[in-house]
file protein-v4.tsv (TSV, C-alpha atoms)
chain	number	residue	atom	x	y	z
A	291	MET	CA	68.08	150.10	64.77
A	292	THR	CA	69.11	146.61	63.67
A	293	GLU	CA	70.91	144.64	66.35
A	294	ILE	CA	74.36	143.42	65.26
A	295	ASP	CA	75.46	139.96	66.28
A	296	LEU	CA	79.16	140.05	67.16
A	297	ARG	CA	79.57	136.58	65.67
A	298	ASP	CA	78.62	137.95	62.25
A	299	LEU	CA	81.52	140.39	62.47
A	300	LEU	CA	84.02	137.65	63.25
A	301	SER	CA	82.90	134.75	61.04
A	302	GLY	CA	80.43	133.64	58.38
A	303	PRO	CA	79.65	134.98	54.91
A	304	GLU	CA	80.31	138.69	54.37
A	305	ALA	CA	79.27	140.18	51.06
A	306	ASP	CA	81.00	143.52	51.59
A	307	PRO	CA	84.08	143.44	53.84
A	308	ALA	CA	85.13	146.97	52.83
A	309	GLY	CA	81.68	148.33	53.63
A	310	GLY	CA	81.72	146.50	56.95
A	311	ALA	CA	85.00	148.27	57.72
A	312	GLY	CA	83.35	151.67	57.19
A	313	HIS	CA	84.23	152.43	53.56
A	314	THR	CA	81.45	154.07	51.55
A	315	GLY	CA	81.29	154.40	47.78
A	316	HIS	CA	84.23	152.03	47.52
A	317	PRO	CA	85.23	150.03	44.42
A	318	GLU	CA	84.36	146.35	44.09
A	319	ARG	CA	86.41	143.81	45.98
A	320	VAL	CA	89.47	142.55	44.13
A	321	GLY	CA	91.72	139.55	44.65
A	322	PHE	CA	94.00	136.86	43.25
A	323	PHE	CA	93.14	133.61	41.48
A	324	THR	CA	96.21	131.39	41.22
A	325	ASP	CA	95.86	128.59	38.66
A	326	THR	CA	98.60	126.17	39.70
A	327	SER	CA	97.98	123.98	36.63
A	328	VAL	CA	99.88	126.50	34.46
A	329	CYS	CA	102.56	127.59	36.96
A	330	ILE	CA	106.04	126.86	35.56
A	331	GLY	CA	107.98	127.76	38.71
A	332	CYS	CA	109.86	130.66	37.12
A	333	LYS	CA	109.67	132.76	40.32
A	334	ALA	CA	109.03	135.94	38.36
A	335	CYS	CA	106.32	136.76	40.91
A	336	GLU	CA	108.80	136.48	43.80
A	337	VAL	CA	111.29	138.78	42.09
A	338	ALA	CA	108.67	141.35	41.05
A	339	CYS	CA	107.21	141.41	44.57
A	340	LYS	CA	110.60	142.02	46.16
A	341	GLU	CA	111.60	144.68	43.63
A	342	TRP	CA	108.40	146.71	43.82
A	343	ASN	CA	107.98	146.55	47.60
A	344	ALA	CA	111.71	146.89	48.41
A	345	ILE	CA	111.64	143.67	50.46
A	346	PRO	CA	115.05	142.62	51.81
A	347	GLU	CA	116.80	139.43	50.74
A	348	ASP	CA	115.91	136.50	52.99
A	349	GLY	CA	118.04	133.56	51.96
A	350	LEU	CA	119.52	132.17	48.77
A	351	SER	CA	120.31	128.64	49.96
A	352	LEU	CA	118.46	125.68	48.47
A	353	THR	CA	116.60	123.54	50.99
A	354	GLY	CA	118.14	120.32	49.69
A	355	MET	CA	114.68	118.88	49.11
A	356	SER	CA	113.72	120.82	45.97
A	357	TYR	CA	114.51	123.93	43.94
A	358	ASP	CA	112.95	126.02	46.69
A	359	ASN	CA	115.22	128.62	48.27
A	360	THR	CA	112.64	130.48	50.37
A	361	GLN	CA	110.75	127.55	51.98
A	362	GLY	CA	107.63	129.50	52.90
A	363	LEU	CA	105.90	132.83	53.33
A	364	GLY	CA	107.30	135.24	55.88
A	365	ALA	CA	108.03	138.84	56.77
A	366	SER	CA	110.46	139.12	53.85
A	367	THR	CA	108.83	136.61	51.49
A	368	TRP	CA	105.40	137.82	50.41
A	369	ARG	CA	105.22	135.48	47.41
A	370	HIS	CA	106.53	131.92	47.68
A	371	VAL	CA	106.71	129.44	44.79
A	372	ALA	CA	106.47	125.88	46.08
A	373	PHE	CA	108.11	123.01	44.19
A	374	ILE	CA	106.51	119.66	45.02
A	375	GLU	CA	107.91	116.55	43.36
A	376	GLN	CA	105.58	113.57	43.14
A	377	SER	CA	106.12	110.05	41.86
A	378	ALA	CA	103.42	107.58	40.85
A	379	VAL	CA	103.59	104.06	39.46
A	380	THR	CA	101.53	103.76	36.31
A	381	ARG	CA	100.66	100.56	34.51
A	382	ALA	CA	100.83	99.94	30.79
A	383	PRO	CA	97.70	98.47	29.16
A	384	ALA	CA	97.37	94.72	29.80
A	385	PRO	CA	98.24	92.52	26.80
A	386	PRO	CA	95.43	90.63	25.06
A	387	GLU	CA	94.48	87.17	26.22
A	388	PRO	CA	96.43	84.38	24.49
A	389	ALA	CA	94.57	82.83	21.57
A	390	GLY	CA	95.69	79.25	22.22
A	391	PRO	CA	95.77	77.12	25.33
A	392	VAL	CA	98.16	78.15	28.07
A	393	THR	CA	100.98	75.73	28.79
A	394	PRO	CA	100.55	74.21	32.26
A	395	GLY	CA	103.01	75.73	34.73
A	396	ALA	CA	103.72	78.78	32.55
A	397	GLU	CA	103.11	82.19	34.16
A	398	ALA	CA	100.68	84.51	32.48
A	399	PRO	CA	102.32	87.72	31.22
A	400	HIS	CA	102.11	90.76	33.54
A	401	PRO	CA	101.86	94.35	32.36
A	402	ASP	CA	105.07	96.33	32.68
A	403	GLY	CA	105.09	99.06	35.30
A	404	ARG	CA	106.97	102.33	35.17
A	405	THR	CA	107.46	105.27	37.50
A	406	GLU	CA	106.47	108.76	36.38
A	407	LEU	CA	107.36	112.06	38.03
A	408	ARG	CA	105.48	115.32	38.05
A	409	TRP	CA	106.06	118.73	39.54
A	410	LEU	CA	103.32	120.57	41.38
A	411	MET	CA	104.21	124.25	41.43
A	412	SER	CA	102.22	126.91	43.19
A	413	SER	CA	102.79	130.56	44.03
A	414	ASP	CA	101.48	131.09	47.56
A	415	VAL	CA	100.54	134.46	49.04
A	416	CYS	CA	98.56	136.06	51.87
A	417	LYS	CA	94.90	135.08	51.51
A	418	HIS	CA	93.42	138.51	52.44
A	419	CYS	CA	90.65	136.69	54.31
A	420	THR	CA	87.09	137.96	54.44
A	421	HIS	CA	87.36	137.60	58.22
A	422	ALA	CA	90.99	138.38	59.01
A	423	ALA	CA	91.92	137.29	62.52
A	424	CYS	CA	95.22	139.18	62.28
A	425	LEU	CA	93.25	142.40	61.85
A	426	ASP	CA	90.78	141.56	64.62
A	427	VAL	CA	93.47	141.04	67.27
A	428	CYS	CA	95.73	143.98	66.34
A	429	PRO	CA	95.71	146.40	69.33
A	430	THR	CA	97.19	149.42	67.54
A	431	GLY	CA	95.20	149.54	64.31
A	432	SER	CA	98.32	148.76	62.33
A	433	LEU	CA	96.33	146.21	60.31
A	434	PHE	CA	93.36	147.65	58.44
A	435	ARG	CA	90.85	146.75	55.74
A	436	THR	CA	91.26	148.81	52.58
A	437	GLU	CA	88.54	150.08	50.27
A	438	PHE	CA	89.42	147.19	47.92
A	439	GLY	CA	88.63	144.60	50.59
A	440	THR	CA	92.28	143.69	51.12
A	441	VAL	CA	94.19	143.62	54.43
A	442	VAL	CA	97.29	145.79	54.85
A	443	VAL	CA	99.89	146.31	57.60
A	444	GLN	CA	101.00	149.87	58.36
A	445	GLU	CA	104.59	149.29	59.41
A	446	ASP	CA	104.96	152.69	61.05
A	447	ILE	CA	102.14	151.90	63.51
A	448	CYS	CA	103.06	148.28	64.28
A	449	ASN	CA	104.46	147.99	67.82
A	450	GLY	CA	105.78	144.45	67.38
A	451	CYS	CA	103.39	142.82	69.87
A	452	GLY	CA	103.12	139.73	67.64
A	453	TYR	CA	99.44	139.00	68.36
A	454	CYS	CA	98.72	138.71	64.64
A	455	VAL	CA	101.24	135.91	64.10
A	456	PRO	CA	99.42	133.07	65.94
A	457	ALA	CA	96.04	134.51	64.90
A	458	CYS	CA	96.56	133.78	61.18
A	459	PRO	CA	95.12	130.35	60.29
A	460	TYR	CA	97.53	130.07	57.34
A	461	GLY	CA	100.76	131.04	59.09
A	462	VAL	CA	101.34	133.90	56.65
A	463	ILE	CA	102.18	136.97	58.71
A	464	GLU	CA	105.53	137.10	60.50
A	465	GLN	CA	107.76	139.46	62.45
A	466	ARG	CA	111.16	140.52	61.17
A	467	PRO	CA	113.90	139.56	63.63
A	468	SER	CA	115.70	142.85	63.03
A	469	ASP	CA	112.99	145.08	64.55
A	470	GLY	CA	110.09	142.82	65.58
A	471	ARG	CA	107.49	144.45	63.35
A	472	ALA	CA	105.06	142.32	61.33
A	473	PHE	CA	104.96	142.29	57.54
A	474	LYS	CA	102.97	140.53	54.81
A	475	CYS	CA	101.58	140.99	51.30
A	476	THR	CA	99.67	144.23	50.74
A	477	MET	CA	98.40	143.18	47.30
A	478	CYS	CA	100.39	146.22	46.13
A	479	TYR	CA	97.96	148.66	47.74
A	480	ASP	CA	99.87	151.59	46.30
A	481	ARG	CA	99.49	150.21	42.77
A	482	LEU	CA	95.77	149.51	43.23
A	483	GLY	CA	95.20	153.14	44.12
A	484	GLU	CA	96.64	154.11	40.73
A	485	GLY	CA	94.54	151.60	38.79
A	486	MET	CA	97.44	149.18	38.29
A	487	GLU	CA	97.51	145.45	38.94
A	488	PRO	CA	99.86	144.00	41.57
A	489	ALA	CA	103.47	143.46	40.53
A	490	CYS	CA	103.35	139.66	40.84
A	491	ALA	CA	100.35	139.29	38.53
A	492	LYS	CA	101.88	141.75	36.07
A	493	ALA	CA	105.10	139.72	35.91
A	494	CYS	CA	103.55	136.22	35.64
A	495	PRO	CA	104.29	134.96	32.08
A	496	THR	CA	101.65	132.20	32.03
A	497	ASP	CA	98.74	134.00	33.73
A	498	SER	CA	98.97	131.55	36.58
A	499	ILE	CA	98.40	134.56	38.86
A	500	GLN	CA	95.25	136.37	37.78
A	501	PHE	CA	94.05	139.61	39.36
A	502	GLY	CA	90.66	141.28	39.15
A	503	PRO	CA	87.20	141.62	40.72
A	504	LEU	CA	86.76	138.68	43.08
A	505	ASP	CA	83.33	137.63	41.80
A	506	GLU	CA	84.62	137.48	38.22
A	507	LEU	CA	87.65	135.46	39.31
A	508	ARG	CA	85.46	132.93	41.10
A	509	GLU	CA	83.32	132.46	38.01
A	510	ARG	CA	86.40	132.11	35.81
A	511	ALA	CA	87.95	129.61	38.21
A	512	ALA	CA	84.84	127.41	38.26
A	513	GLY	CA	84.95	127.26	34.46
A	514	ARG	CA	88.64	126.35	34.51
A	515	VAL	CA	88.03	123.46	36.92
A	516	GLU	CA	85.28	122.12	34.70
A	517	GLN	CA	87.56	122.39	31.66
A	518	LEU	CA	90.33	120.44	33.40
A	519	ARG	CA	88.00	117.71	34.59
A	520	GLU	CA	86.62	117.25	31.11
A	521	ALA	CA	90.22	116.84	29.96
A	522	GLY	CA	90.72	114.04	32.49
A	523	VAL	CA	92.32	115.97	35.35
A	524	THR	CA	89.93	114.62	37.96
A	525	ASP	CA	91.90	115.93	40.96
A	526	ALA	CA	91.44	119.59	40.02
A	527	ARG	CA	89.69	121.52	42.77
A	528	LEU	CA	89.37	125.07	44.11
A	529	TYR	CA	90.69	126.13	47.49
A	530	GLY	CA	89.61	129.22	49.41
A	531	GLU	CA	86.92	130.46	47.04
A	532	ASP	CA	83.86	129.44	49.10
A	533	PRO	CA	82.23	132.28	51.12
A	534	GLU	CA	80.73	129.61	53.37
A	535	ASP	CA	84.09	128.27	54.55
A	536	GLY	CA	85.75	128.88	57.92
A	537	VAL	CA	87.20	132.27	56.95
A	538	GLY	CA	84.27	133.56	54.90
A	539	GLY	CA	86.17	133.00	51.67
A	540	ASP	CA	89.64	134.19	50.73
A	541	GLY	CA	90.60	137.22	48.71
A	542	ALA	CA	93.34	135.05	47.20
A	543	PHE	CA	92.27	131.55	46.22
A	544	PHE	CA	93.78	128.68	44.25
A	545	LEU	CA	93.15	125.93	41.75
A	546	LEU	CA	94.98	122.86	43.07
A	547	LEU	CA	95.78	119.52	41.46
A	548	ASP	CA	96.01	117.59	44.72
A	549	GLU	CA	94.96	117.80	48.36
A	550	PRO	CA	95.67	121.14	50.09
A	551	GLU	CA	98.04	119.44	52.55
A	552	VAL	CA	100.33	118.53	49.65
A	553	TYR	CA	100.86	122.26	49.04
A	554	GLY	CA	101.32	123.01	52.75
A	555	LEU	CA	97.83	124.51	53.09
A	556	PRO	CA	95.43	123.69	55.95
A	557	PRO	CA	92.58	121.49	54.68
A	558	ASP	CA	89.83	123.31	56.58
A	559	PRO	CA	91.02	126.72	57.81
A	560	VAL	CA	88.92	128.52	60.41
A	561	VAL	CA	89.30	132.13	61.52
A	562	THR	CA	90.85	131.92	64.97
A	563	THR	CA	88.63	134.68	66.42
A	564	ARG	CA	85.39	132.92	65.50
A	565	ASP	CA	84.72	131.64	69.02
A	566	LEU	CA	85.70	134.81	70.90
A	567	PRO	CA	82.09	135.73	71.91
A	568	ARG	CA	81.48	132.24	73.30
A	569	MET	CA	84.87	132.22	75.02
A	570	TRP	CA	84.20	135.55	76.71
A	571	THR	CA	80.75	134.34	77.77
A	572	HIS	CA	82.23	131.22	79.34
A	573	ALA	CA	84.94	133.31	81.02
A	574	GLY	CA	82.33	135.66	82.46
A	575	VAL	CA	80.22	132.79	83.80
A	576	ALA	CA	83.32	131.22	85.31
A	577	ALA	CA	84.31	134.51	86.96
A	578	LEU	CA	80.83	134.96	88.46
A	579	SER	CA	80.83	131.38	89.72
A	580	LEU	CA	84.23	131.94	91.33
A	581	LEU	CA	83.08	135.15	93.03
A	582	GLY	CA	79.93	133.40	94.23
A	583	GLY	CA	81.97	130.56	95.66
A	584	ILE	CA	84.30	132.96	97.47
A	585	ALA	CA	81.36	134.90	98.95
A	586	THR	CA	79.65	131.69	100.11
A	587	ALA	CA	82.86	130.39	101.69
A	588	PHE	CA	83.40	133.69	103.52
A	589	LEU	CA	79.86	133.96	104.84
A	590	SER	CA	79.85	130.35	106.05
A	591	SER	CA	83.23	130.62	107.84
A	592	PRO	CA	83.35	130.55	111.73
A	593	ALA	CA	84.92	134.02	111.82
A	594	ALA	CA	82.06	135.45	109.82
A	595	ARG	CA	79.49	133.80	112.09
A	596	ARG	CA	81.22	135.11	115.25
A	597	GLY	CA	81.35	138.59	113.77
A	598	ALA	CA	77.64	138.49	113.00
A	599	GLY	CA	76.82	137.31	116.52
A	600	THR	CA	78.91	140.09	118.10
A	601	ALA	CA	77.16	142.67	115.98
A	602	ARG	CA	73.73	141.43	117.15
A	603	THR	CA	74.77	141.48	120.84
A	604	GLY	CA	76.06	145.02	120.55
A	605	VAL	CA	72.81	146.23	119.06
A	606	PHE	CA	70.69	144.67	121.80
A	607	GLY	CA	73.03	145.93	124.48
A	608	ARG	CA	72.79	149.47	123.29
A	609	GLY	CA	69.01	149.14	123.26
A	610	LEU	CA	68.89	147.92	126.89
A	611	GLY	CA	71.22	150.66	128.03
A	612	ARG	CA	68.79	153.29	126.83

call {"tool": "encode", "arguments": {"input": "protein-v4.tsv", "output": "structure tokens"}}
result
Amino acid sequence: MTEIDLRDLLSGPEADPAGGAGHTGHPERVGFFTDTSVCIGCKACEVACKEWNAIPEDGLSLTGMSYDNTQGLGASTWRHVAFIEQSAVTRAPAPPEPAGPVTPGAEAPHPDGRTELRWLMSSDVCKHCTHAACLDVCPTGSLFRTEFGTVVVQEDICNGCGYCVPACPYGVIEQRPSDGRAFKCTMCYDRLGEGMEPACAKACPTDSIQFGPLDELRERAAGRVEQLREAGVTDARLYGEDPEDGVGGDGAFFLLLDEPEVYGLPPDPVVTTRDLPRMWTHAGVAALSLLGGIATAFLSSPAARRGAGTARTGVFGRGLGR
């Protein structure tokens, strides 16, 4: 029988998360590829997600910083469209050198500068990590890995302990204040079972949100990045697609036009349960050291020595009496 390293279950590349969860004969893993370069910020994905999953309203007030009225992912916001306004000073081409001699004391002409604005829009969602810390720490089995490789919360089993909330490296999952239970995107698990695509991808008018087999999406995304770079968009990069990253690759990954921090994403996410085996080993060694120290202190105490001496005297005395 092959020995299983616990660390392989908690971190590192995993070719078949559904199989590792016990599913046999399951379909291929599916996921989301969000191409932010074509997102227009229409929020159709947010509306479709709420309508299909019957998610309650969670705020209609603008933040005052942008056209964002939801601010981030949460128990009642499973899709969140970020609006990021950027400004950059660009320079016009420098004028040609003067043909004649320059008059002494005259300043050479400077190129005119102007300020340009751009919107970075991105529809964020649960990443459905290959190694999902929220699932690993759930004590009731409320969180489970589906046959499609996605991660789902069973709300009727959740006891509201909240362990999953700090475990998520992306800050996605959250408890509802009304009852304390945790909620997040299910990737429309009920629709997947009927051969349908998730509601958000179905509603996206620009194909910014693409759904399908994860391997095909990764290949398509790599081609899109190359296309953008050839067109001069040098900042285009993928986020969350690498199986070698700290979460074993995400089931929902993104094409970004700037650093991940600009979009509110951690630059180098790591599954929070990765170091559990080492932590438990250190805790065990510390506990044994503590017990050893207590035993040594007890045996070397004056009371212990007097007790040992009394026991020896009693034994010899009984022997002499016979």

call {"tool": "closest_residue", "arguments": {"input": "protein-v4.tsv", "among": "A:Val427, A:Cys494, A:Val523, A:Leu507", "to": "Gly541 (chain A)", "atoms": "all atoms listed in the file"}}
result
A:Leu507

call {"tool": "closest_residue", "arguments": {"input": "protein-v4.tsv", "among": "A:Leu350, A:Val442, A:Ala308, A:Val560", "to": "Cys458 (chain A)", "atoms": "all atoms listed in the file"}}
result
A:Val560

call {"tool": "residues_around", "arguments": {"input": "protein-v4.tsv", "residues": "Ala542 (chain A)", "least_positions_apart": "4", "cutoff": "8 Å", "atoms": "all atoms listed in the file", "output": "NGL selection string"}}
result
:A and (321-324 or 415-419 or 530-531)

call {"tool": "write_last_selection", "arguments": {"input": "protein-v4.tsv", "atoms": "C-alpha atoms", "output": "CSV table (one decimal), in the frame of the given file"}}
result
chain,number,residue,atom,x,y,z
A,321,GLY,CA,91.7,139.6,44.6
A,322,PHE,CA,94.0,136.9,43.2
A,323,PHE,CA,93.1,133.6,41.5
A,324,THR,CA,96.2,131.4,41.2
A,415,VAL,CA,100.5,134.5,49.0
A,416,CYS,CA,98.6,136.1,51.9
A,417,LYS,CA,94.9,135.1,51.5
A,418,HIS,CA,93.4,138.5,52.4
A,419,CYS,CA,90.6,136.7,54.3
A,530,GLY,CA,89.6,129.2,49.4
A,531,GLU,CA,86.9,130.5,47.0

call {"tool": "atom_distance", "arguments": {"input": "protein-v4.tsv", "atom1": "CA of Gly331 (chain A)", "atom2": "CA of Leu363 (chain A)"}}
result
15.6 Å

call {"tool": "closest_residue", "arguments": {"input": "protein-v4.tsv", "among": "A:Tyr529, A:Phe373, A:Phe438, A:Tyr357", "to": "Ala311 (chain A)", "atoms": "all atoms listed in the file"}}
result
A:Phe438

call {"tool": "atom_distance", "arguments": {"input": "protein-v4.tsv", "atom1": "CA of Ser413 (chain A)", "atom2": "CA of Cys475 (chain A)"}}
result
12.8 Å
